[in-house]
$ cat final.csv   # CSV, C-alpha atoms and all ligand atoms
chain,number,residue,atom,x,y,z
A,220,MET,CA,-78.3,42.1,59.9
A,221,LYS,CA,-75.8,45.0,59.4
A,222,LYS,CA,-76.8,46.2,62.9
A,223,ILE,CA,-76.1,42.8,64.5
A,224,LEU,CA,-72.7,42.7,62.8
A,225,ALA,CA,-71.9,46.2,64.0
A,226,VAL,CA,-72.9,45.3,67.5
A,227,LEU,CA,-70.8,42.1,67.3
A,228,LEU,CA,-67.8,44.0,66.0
A,229,MET,CA,-68.2,46.6,68.7
A,230,SER,CA,-68.2,43.9,71.4
A,231,VAL,CA,-65.2,42.2,69.9
A,232,MET,CA,-63.4,45.6,70.0
A,233,VAL,CA,-64.4,46.3,73.5
A,234,MET,CA,-63.3,42.9,74.6
A,235,SER,CA,-59.9,43.2,73.1
A,236,LEU,CA,-59.5,46.7,74.5
A,237,ALA,CA,-60.6,45.5,77.9
A,238,SER,CA,-57.9,42.8,77.8
A,239,CYS,CA,-55.3,45.4,77.0
A,240,GLY,CA,-56.7,48.7,78.3
A,241,LYS,CA,-55.3,50.6,81.2
A,242,SER,CA,-57.9,49.3,83.6
A,243,SER,CA,-57.3,45.6,83.0
A,244,SER,CA,-53.6,45.2,82.1
A,245,GLY,CA,-51.9,48.3,83.2
A,246,THR,CA,-50.6,49.6,79.9
A,247,ALA,CA,-50.4,53.4,79.5
A,248,GLN,CA,-52.5,53.5,76.3
A,249,ALA,CA,-55.5,51.3,75.7
A,250,GLY,CA,-54.9,48.5,73.2
A,251,VAL,CA,-51.1,49.2,72.8
A,252,LEU,CA,-48.2,47.6,74.5
A,253,VAL,CA,-45.2,49.9,74.2
A,254,MET,CA,-41.8,48.2,74.4
A,255,ALA,CA,-38.7,50.3,74.9
A,256,THR,CA,-35.5,48.6,73.6
A,257,ASN,CA,-32.1,49.3,72.1
A,258,ALA,CA,-32.0,47.6,68.8
A,259,GLU,CA,-28.3,47.2,68.6
A,260,PHE,CA,-28.1,43.8,70.3
A,261,PRO,CA,-28.3,40.9,68.0
A,262,PRO,CA,-29.8,38.3,68.1
A,263,TYR,CA,-32.2,39.8,70.8
A,264,GLU,CA,-33.1,43.0,69.0
A,265,TYR,CA,-31.6,44.5,65.8
A,266,HIS,CA,-32.6,46.3,62.6
A,267,GLU,CA,-33.4,44.2,59.5
A,268,GLY,CA,-34.6,46.2,56.5
A,269,GLY,CA,-37.0,48.7,58.1
A,270,ASP,CA,-38.0,46.4,60.9
A,271,ILE,CA,-36.8,45.6,64.4
A,272,VAL,CA,-36.4,41.9,64.7
A,273,GLY,CA,-34.9,39.4,67.1
A,274,ILE,CA,-35.7,37.1,70.0
A,275,ASP,CA,-37.0,39.8,72.3
A,276,ALA,CA,-39.1,41.4,69.5
A,277,GLU,CA,-40.7,38.1,68.7
A,278,ILE,CA,-41.4,37.2,72.4
A,279,ALA,CA,-42.8,40.6,72.9
A,280,ALA,CA,-45.1,40.2,69.9
A,281,ALA,CA,-46.3,36.9,71.3
A,282,ILE,CA,-47.0,38.5,74.7
A,283,ALA,CA,-48.9,41.3,73.1
A,284,GLU,CA,-50.9,38.8,71.1
A,285,LYS,CA,-51.9,36.9,74.3
A,286,MET,CA,-52.9,40.2,75.9
A,287,GLY,CA,-54.9,41.3,72.9
A,288,CYS,CA,-52.6,44.3,72.4
A,289,THR,CA,-50.8,45.8,69.5
A,290,LEU,CA,-47.1,45.9,70.1
A,291,GLU,CA,-45.2,49.1,69.5
A,292,ILE,CA,-41.4,49.1,69.6
A,293,GLU,CA,-39.5,52.1,70.6
A,294,ASP,CA,-35.7,52.1,69.9
A,295,ILE,CA,-33.8,54.3,72.4
A,296,ALA,CA,-30.4,54.3,74.1
A,297,PHE,CA,-29.9,51.3,76.4
A,298,ASP,CA,-29.3,53.5,79.5
A,299,SER,CA,-32.6,55.4,78.9
A,300,ILE,CA,-34.8,52.4,79.0
A,301,ILE,CA,-35.4,52.2,82.7
A,302,ALA,CA,-36.3,56.0,82.9
A,303,GLU,CA,-38.7,55.5,80.0
A,304,VAL,CA,-40.5,52.7,81.8
A,305,ASP,CA,-40.4,54.6,85.1
A,306,SER,CA,-42.1,57.6,83.6
A,307,SER,CA,-44.7,55.4,81.8
A,308,LYS,CA,-43.6,56.6,78.3
A,309,ALA,CA,-43.1,52.9,77.6
A,310,ASP,CA,-45.0,50.0,79.3
A,311,MET,CA,-42.1,47.6,79.4
A,312,GLY,CA,-38.4,47.5,78.8
A,313,MET,CA,-37.1,44.5,77.0
A,314,ALA,CA,-33.6,44.6,75.8
A,315,GLY,CA,-31.7,41.5,76.9
A,316,MET,CA,-31.9,43.3,80.2
A,317,THR,CA,-30.1,41.6,83.1
A,318,VAL,CA,-31.9,41.5,86.4
A,319,THR,CA,-29.8,43.3,89.0
A,320,GLU,CA,-30.4,44.3,92.6
A,321,ASP,CA,-29.7,47.9,91.7
A,322,ARG,CA,-32.2,48.0,88.8
A,323,LYS,CA,-34.8,46.4,91.1
A,324,GLN,CA,-34.7,49.6,93.1
A,325,SER,CA,-36.1,51.4,90.0
A,326,VAL,CA,-38.3,48.9,88.2
A,327,ASP,CA,-40.1,45.6,88.7
A,328,PHE,CA,-38.9,42.6,86.8
A,329,SER,CA,-40.9,39.8,85.2
A,330,VAL,CA,-40.0,36.1,85.6
A,331,THR,CA,-36.8,35.5,83.7
A,332,TYR,CA,-37.0,34.3,80.1
A,333,ALA,CA,-33.3,33.7,79.2
A,334,VAL,CA,-30.0,32.9,80.9
A,335,ALA,CA,-26.9,34.7,79.6
A,336,ARG,CA,-23.2,35.3,80.4
A,337,GLN,CA,-20.9,38.3,80.2
A,338,VAL,CA,-17.9,37.2,78.2
A,339,VAL,CA,-14.6,38.8,77.2
A,340,ILE,CA,-13.6,39.4,73.6
A,341,VAL,CA,-9.9,39.9,72.8
A,342,LYS,CA,-7.6,39.9,69.8
A,343,GLU,CA,-6.7,36.4,68.5
A,344,GLY,CA,-3.1,35.6,69.3
A,345,GLY,CA,-2.8,38.7,71.7
A,346,ASP,CA,-1.4,38.7,75.2
A,347,ILE,CA,-4.8,38.4,77.0
A,348,ALA,CA,-5.4,34.7,77.6
A,349,SER,CA,-7.6,34.9,80.7
A,350,ILE,CA,-9.6,37.2,82.8
A,351,ASP,CA,-6.6,37.6,85.1
A,352,ASP,CA,-4.7,39.4,82.3
A,353,LEU,CA,-7.3,42.2,82.1
A,354,ALA,CA,-5.9,44.3,85.0
A,355,GLY,CA,-4.5,47.6,83.8
A,356,ARG,CA,-5.8,47.1,80.2
A,357,LYS,CA,-8.3,49.3,78.3
A,358,ILE,CA,-11.7,47.6,78.4
A,359,GLY,CA,-14.6,48.6,76.0
A,360,VAL,CA,-18.2,48.3,77.0
A,361,GLN,CA,-21.7,49.5,76.0
A,362,GLN,CA,-22.6,52.4,78.2
A,363,GLY,CA,-24.9,51.5,81.1
A,364,THR,CA,-24.8,47.8,80.7
A,365,THR,CA,-23.8,45.2,83.3
A,366,GLY,CA,-20.5,44.9,81.4
A,367,ASP,CA,-19.9,48.6,82.1
A,368,ILE,CA,-20.8,48.2,85.7
A,369,TYR,CA,-18.5,45.2,86.3
A,370,ALA,CA,-15.6,46.6,84.4
A,371,SER,CA,-15.9,50.0,86.2
A,372,ASP,CA,-16.1,48.3,89.6
A,373,ASP,CA,-13.3,45.8,88.9
A,374,TYR,CA,-10.8,47.9,87.0
A,375,GLY,CA,-11.7,51.5,87.7
A,376,ASP,CA,-13.3,54.1,85.5
A,377,ASP,CA,-10.0,55.2,83.9
A,378,ASN,CA,-9.6,51.7,82.3
A,379,VAL,CA,-13.1,51.6,80.8
A,380,GLU,CA,-14.1,53.0,77.4
A,381,ARG,CA,-17.8,53.5,77.0
A,382,TYR,CA,-19.6,53.2,73.6
A,383,SER,CA,-23.2,53.8,72.8
A,384,LYS,CA,-23.4,50.5,70.8
A,385,GLY,CA,-21.7,47.2,71.6
A,386,MET,CA,-20.7,46.8,67.9
A,387,GLU,CA,-18.7,50.1,68.2
A,388,ALA,CA,-16.7,48.7,71.2
A,389,VAL,CA,-15.9,45.6,69.2
A,390,GLN,CA,-14.8,47.6,66.2
A,391,ALA,CA,-12.5,49.7,68.4
A,392,LEU,CA,-11.0,46.4,69.6
A,393,ALA,CA,-10.5,45.2,66.1
A,394,GLN,CA,-8.7,48.5,65.3
A,395,GLY,CA,-6.4,48.1,68.3
A,396,LYS,CA,-7.8,51.1,70.1
A,397,ILE,CA,-8.7,49.1,73.2
A,398,ASP,CA,-7.6,45.7,74.6
A,399,ALA,CA,-10.8,43.8,75.4
A,400,VAL,CA,-14.6,44.1,75.4
A,401,ILE,CA,-16.9,42.8,78.1
A,402,ILE,CA,-20.4,42.1,76.6
A,403,ASP,CA,-23.2,39.5,76.6
A,404,ASN,CA,-22.3,36.1,75.0
A,405,GLU,CA,-24.8,36.0,72.1
A,406,PRO,CA,-24.1,39.5,70.8
A,407,ALA,CA,-20.4,38.7,71.3
A,408,LYS,CA,-20.7,35.7,69.0
A,409,VAL,CA,-22.5,37.8,66.3
A,410,PHE,CA,-20.0,40.7,66.5
A,411,VAL,CA,-16.9,38.4,66.5
A,412,SER,CA,-18.3,36.7,63.4
A,413,GLU,CA,-18.5,40.1,61.7
A,414,ASN,CA,-14.9,41.2,62.6
A,415,GLU,CA,-11.7,39.4,61.7
A,416,GLY,CA,-9.1,38.4,64.2
A,417,LEU,CA,-11.2,38.3,67.4
A,418,ILE,CA,-12.0,35.6,69.9
A,419,ILE,CA,-14.1,35.1,73.0
A,420,LEU,CA,-12.4,33.8,76.1
A,421,ASP,CA,-13.8,30.5,77.3
A,422,GLU,CA,-14.1,31.6,80.9
A,423,ALA,CA,-17.4,33.5,81.6
A,424,TYR,CA,-17.0,36.9,83.3
A,425,ALA,CA,-20.5,36.6,85.0
A,426,ASP,CA,-23.7,34.6,84.8
A,427,GLU,CA,-26.9,36.5,84.3
A,428,GLU,CA,-30.6,36.3,83.6
A,429,TYR,CA,-32.8,38.4,81.4
A,430,ALA,CA,-36.2,39.7,82.3
A,431,ILE,CA,-38.8,42.3,81.3
A,432,ALA,CA,-38.9,45.6,83.3
A,433,VAL,CA,-42.1,47.3,84.1
A,434,ARG,CA,-42.9,50.5,86.2
A,435,LYS,CA,-42.5,49.8,89.9
A,436,GLY,CA,-45.9,48.8,91.3
A,437,ASN,CA,-47.6,48.1,88.0
A,438,THR,CA,-48.6,44.7,89.2
A,439,GLU,CA,-51.5,44.4,86.7
A,440,LEU,CA,-49.2,44.6,83.8
A,441,LEU,CA,-46.5,42.5,85.5
A,442,ASN,CA,-49.0,39.7,86.2
A,443,ALA,CA,-50.3,39.8,82.6
A,444,ILE,CA,-46.7,39.6,81.3
A,445,ASN,CA,-45.7,36.8,83.7
A,446,GLU,CA,-48.8,34.8,82.8
A,447,ALA,CA,-48.1,35.2,79.1
A,448,LEU,CA,-44.4,34.3,79.6
A,449,ASP,CA,-45.3,31.2,81.6
A,450,GLU,CA,-47.6,30.0,78.8
A,451,LEU,CA,-45.1,30.8,76.1
A,452,LYS,CA,-42.4,28.8,78.0
A,453,LYS,CA,-44.8,25.8,78.6
A,454,ASP,CA,-46.1,25.6,75.0
A,455,GLY,CA,-42.6,25.7,73.5
A,456,THR,CA,-43.0,29.1,71.8
A,457,ILE,CA,-39.9,30.7,73.5
A,458,ASP,CA,-37.7,27.7,72.7
A,459,GLU,CA,-38.9,27.8,69.1
A,460,ILE,CA,-38.1,31.5,68.8
A,461,VAL,CA,-34.7,31.1,70.4
A,462,ASP,CA,-33.8,28.1,68.2
A,463,ARG,CA,-34.5,30.1,65.1
A,464,TYR,CA,-32.0,32.8,66.1
A,465,ILE,CA,-29.4,30.9,67.9
A,466,SER,CA,-27.7,27.8,66.4
A,467,ALA,CA,-27.0,24.9,68.7
A,468,ASN,CA,-23.3,25.3,69.0
B,1,LIG,N1,-27.5,42.3,79.6
B,1,LIG,C1,-26.8,43.6,79.6
B,1,LIG,C2,-27.5,44.5,80.6
B,1,LIG,O1,-28.6,44.3,81.0
B,1,LIG,C3,-26.7,44.3,78.3
B,1,LIG,C4,-28.0,44.5,77.6
B,1,LIG,C5,-27.9,45.4,76.3
B,1,LIG,O2,-26.9,45.9,76.0
B,1,LIG,N2,-29.0,45.5,75.6
B,1,LIG,O3,-26.9,45.5,81.1
$ encode --input "final.csv" --output "structure tokens" --more "lines below"
Ligand code: GLN
Amino acid sequence: MKKILAVLLMSVMVMSLASCGKSSSGTAQAGVLVMATNAEFPPYEYHEGGDIVGIDAEIAAAIAEKMGCTLEIEDIAFDSIIAEVDSSKADMGMAGMTVTEDRKQSVDFSVTYAVARQVVIVKEGGDIASIDDLAGRKIGVQQGTTGDIYASDDYGDDNVERYSKGMEAVQALAQGKIDAVIIDNEPAKVFVSENEGLIILDEAYADEEYAIAVRKGNTELLNAINEALDELKKDGTIDEIVDRYISAN
């Protein structure tokens, strides 16, 4: 009886390893799906108590579950995520990461799982009322993000202040050290709600889409992630997760 149980247990283990091991799903370590993120980006990934929570963290957990893997989250600088994935230290990068042509040169992207916008945060009652007023002003961004790339391209390096966290850029704006922040819309809403006297301009700076990055050519893992994402979209799991973190208005 014991022996049968042991054999059964063994085969369950082997099966779950097989669905997540290097040979069948392309993860670097059998049974583990390592996600590199930057947990300074609410509501997608942020610290709560000792945990990293948020929309991305929960979607990643659901993907790992479908693949029969244990999810491991690694919190690193946003602009190190692509290198981490490229060198196989992490299996996937998931950090509200916008799909861009440039990044596609370094990593492969999954199907998209969210639409997003870059928006502009300014002081309430200040003299910046539209995107046209940004020329010549000091713009704060999170280093290495699309906000950084657009601001640097459009207004020149000298007009861009780079911070390691988006929240730091928003605090610098609240303190009057810079004139505006270009950042993703959902974190913008969270940061504005936590700092007095700031507003988000109605006009979007850019429309974007988020996807998961994997090492270039790791089609096995990419296919497994895409399959899981498609199922999670179809069965309403992703909508349910998003609704819990983002209120309707
Ligand atoms: N969506 C932006 C980008 O991909 C910002 C992401 C982030 O700061 N986590 O560059």
$ closest_atom_pairs --input "final.csv" --of "chain A" --to "ligand LIG 1 (chain B)" --cutoff "9 Å" --atoms "all atoms listed in the file" --output "CSV"
residue,atom,partner,partner_atom,distance
A:Thr256,CA,B:LIG1,N2,7.5
A:Asn257,CA,B:LIG1,N2,6.0
A:Ala258,CA,B:LIG1,N2,7.7
A:Glu259,CA,B:LIG1,N2,7.2
A:Phe260,CA,B:LIG1,N2,5.6
A:Pro261,CA,B:LIG1,N2,8.9
A:Tyr263,CA,B:LIG1,N2,8.1
A:Glu264,CA,B:LIG1,N2,8.2
A:Phe297,CA,B:LIG1,N2,5.9
A:Asp298,CA,B:LIG1,O3,8.5
A:Met313,CA,B:LIG1,N2,8.3
A:Ala314,CA,B:LIG1,N2,4.7
A:Gly315,CA,B:LIG1,C4,4.8
A:Met316,CA,B:LIG1,O1,3.5
A:Thr317,CA,B:LIG1,O1,3.7
A:Val318,CA,B:LIG1,O1,6.9
A:Thr319,CA,B:LIG1,O1,8.2
A:Ala335,CA,B:LIG1,N1,7.6
A:Arg336,CA,B:LIG1,N1,8.3
A:Gln337,CA,B:LIG1,N1,7.7
A:Gln361,CA,B:LIG1,O2,6.3
A:Gln362,CA,B:LIG1,O2,8.1
A:Gly363,CA,B:LIG1,O3,6.3
A:Thr364,CA,B:LIG1,O3,3.1
A:Thr365,CA,B:LIG1,O3,3.8
A:Gly366,CA,B:LIG1,O3,6.4
A:Asp367,CA,B:LIG1,O3,7.7
A:Ile368,CA,B:LIG1,O3,8.1
A:Lys384,CA,B:LIG1,O2,7.8
A:Gly385,CA,B:LIG1,O2,6.9
A:Ile402,CA,B:LIG1,C3,6.9
A:Asp403,CA,B:LIG1,N1,5.9
A:Pro406,CA,B:LIG1,O2,8.7
A:Glu427,CA,B:LIG1,N1,7.5
A:Glu428,CA,B:LIG1,N1,7.8
A:Tyr429,CA,B:LIG1,N1,6.8
A:Ala430,CA,B:LIG1,O1,9.0
$ write_last_selection --input "final.csv" --atoms "C-alpha atoms" --output "compact mmCIF listing (two decimals), keeping the file's coordinate frame"
# COMPACT_ATOMS: atom_id res chain seq x y z
CA THR A 256 -35.50 48.60 73.60
CA ASN A 257 -32.10 49.30 72.10
CA ALA A 258 -32.00 47.60 68.80
CA GLU A 259 -28.30 47.20 68.60
CA PHE A 260 -28.10 43.80 70.30
CA PRO A 261 -28.30 40.90 68.00
CA TYR A 263 -32.20 39.80 70.80
CA GLU A 264 -33.10 43.00 69.00
CA PHE A 297 -29.90 51.30 76.40
CA ASP A 298 -29.30 53.50 79.50
CA MET A 313 -37.10 44.50 77.00
CA ALA A 314 -33.60 44.60 75.80
CA GLY A 315 -31.70 41.50 76.90
CA MET A 316 -31.90 43.30 80.20
CA THR A 317 -30.10 41.60 83.10
CA VAL A 318 -31.90 41.50 86.40
CA THR A 319 -29.80 43.30 89.00
CA ALA A 335 -26.90 34.70 79.60
CA ARG A 336 -23.20 35.30 80.40
CA GLN A 337 -20.90 38.30 80.20
CA GLN A 361 -21.70 49.50 76.00
CA GLN A 362 -22.60 52.40 78.20
CA GLY A 363 -24.90 51.50 81.10
CA THR A 364 -24.80 47.80 80.70
CA THR A 365 -23.80 45.20 83.30
CA GLY A 366 -20.50 44.90 81.40
CA ASP A 367 -19.90 48.60 82.10
CA ILE A 368 -20.80 48.20 85.70
CA LYS A 384 -23.40 50.50 70.80
CA GLY A 385 -21.70 47.20 71.60
CA ILE A 402 -20.40 42.10 76.60
CA ASP A 403 -23.20 39.50 76.60
CA PRO A 406 -24.10 39.50 70.80
CA GLU A 427 -26.90 36.50 84.30
CA GLU A 428 -30.60 36.30 83.60
CA TYR A 429 -32.80 38.40 81.40
CA ALA A 430 -36.20 39.70 82.30
$ atom_distance --input "final.csv" --atom1 "CA of Lys308 in chain A" --atom2 "CA of Gly287 in chain A"
19.8 Å
$ residues_around --input "final.csv" --residues "Ala279 in chain A" --least-positions-apart "6" --cutoff "10 Å" --atoms "only C-alpha atoms" --output "MDAnalysis selection string"
chainID A and resid 252:254 273 285 290:292 311 313 431 444 447:448
$ atom_distance --input "final.csv" --atom1 "CA of Ser306 in chain A" --atom2 "CA of Arg434 in chain A"
7.6 Å
$ residues_around --input "final.csv" --residues "range 370-381 of chain A" --least-positions-apart "3" --cutoff "8 Å" --atoms "all atoms listed in the file" --output "ChimeraX atom specification"
/A:354-362,366-367,388,397,401
$ write_last_selection --input "final.csv" --atoms "C-alpha atoms" --output "compact mmCIF listing (two decimals), keeping the file's coordinate frame"
# COMPACT_ATOMS: atom_id res chain seq x y z
CA ALA A 354 -5.90 44.30 85.00
CA GLY A 355 -4.50 47.60 83.80
CA ARG A 356 -5.80 47.10 80.20
CA LYS A 357 -8.30 49.30 78.30
CA ILE A 358 -11.70 47.60 78.40
CA GLY A 359 -14.60 48.60 76.00
CA VAL A 360 -18.20 48.30 77.00
CA GLN A 361 -21.70 49.50 76.00
CA GLN A 362 -22.60 52.40 78.20
CA GLY A 366 -20.50 44.90 81.40
CA ASP A 367 -19.90 48.60 82.10
CA ALA A 388 -16.70 48.70 71.20
CA ILE A 397 -8.70 49.10 73.20
CA ILE A 401 -16.90 42.80 78.10
$ atom_distance --input "final.csv" --atom1 "CA of Asp275 in chain A" --atom2 "CA of Asp421 in chain A"
25.5 Å
$ residues_near_point --input "final.csv" --point "(-46.2, 49.5, 91.8)" --cutoff "12 Å" --atoms "only C-alpha atoms" --output "PyMOL selection string"
chain A and resi 245+304-305+307+323-328+432-442
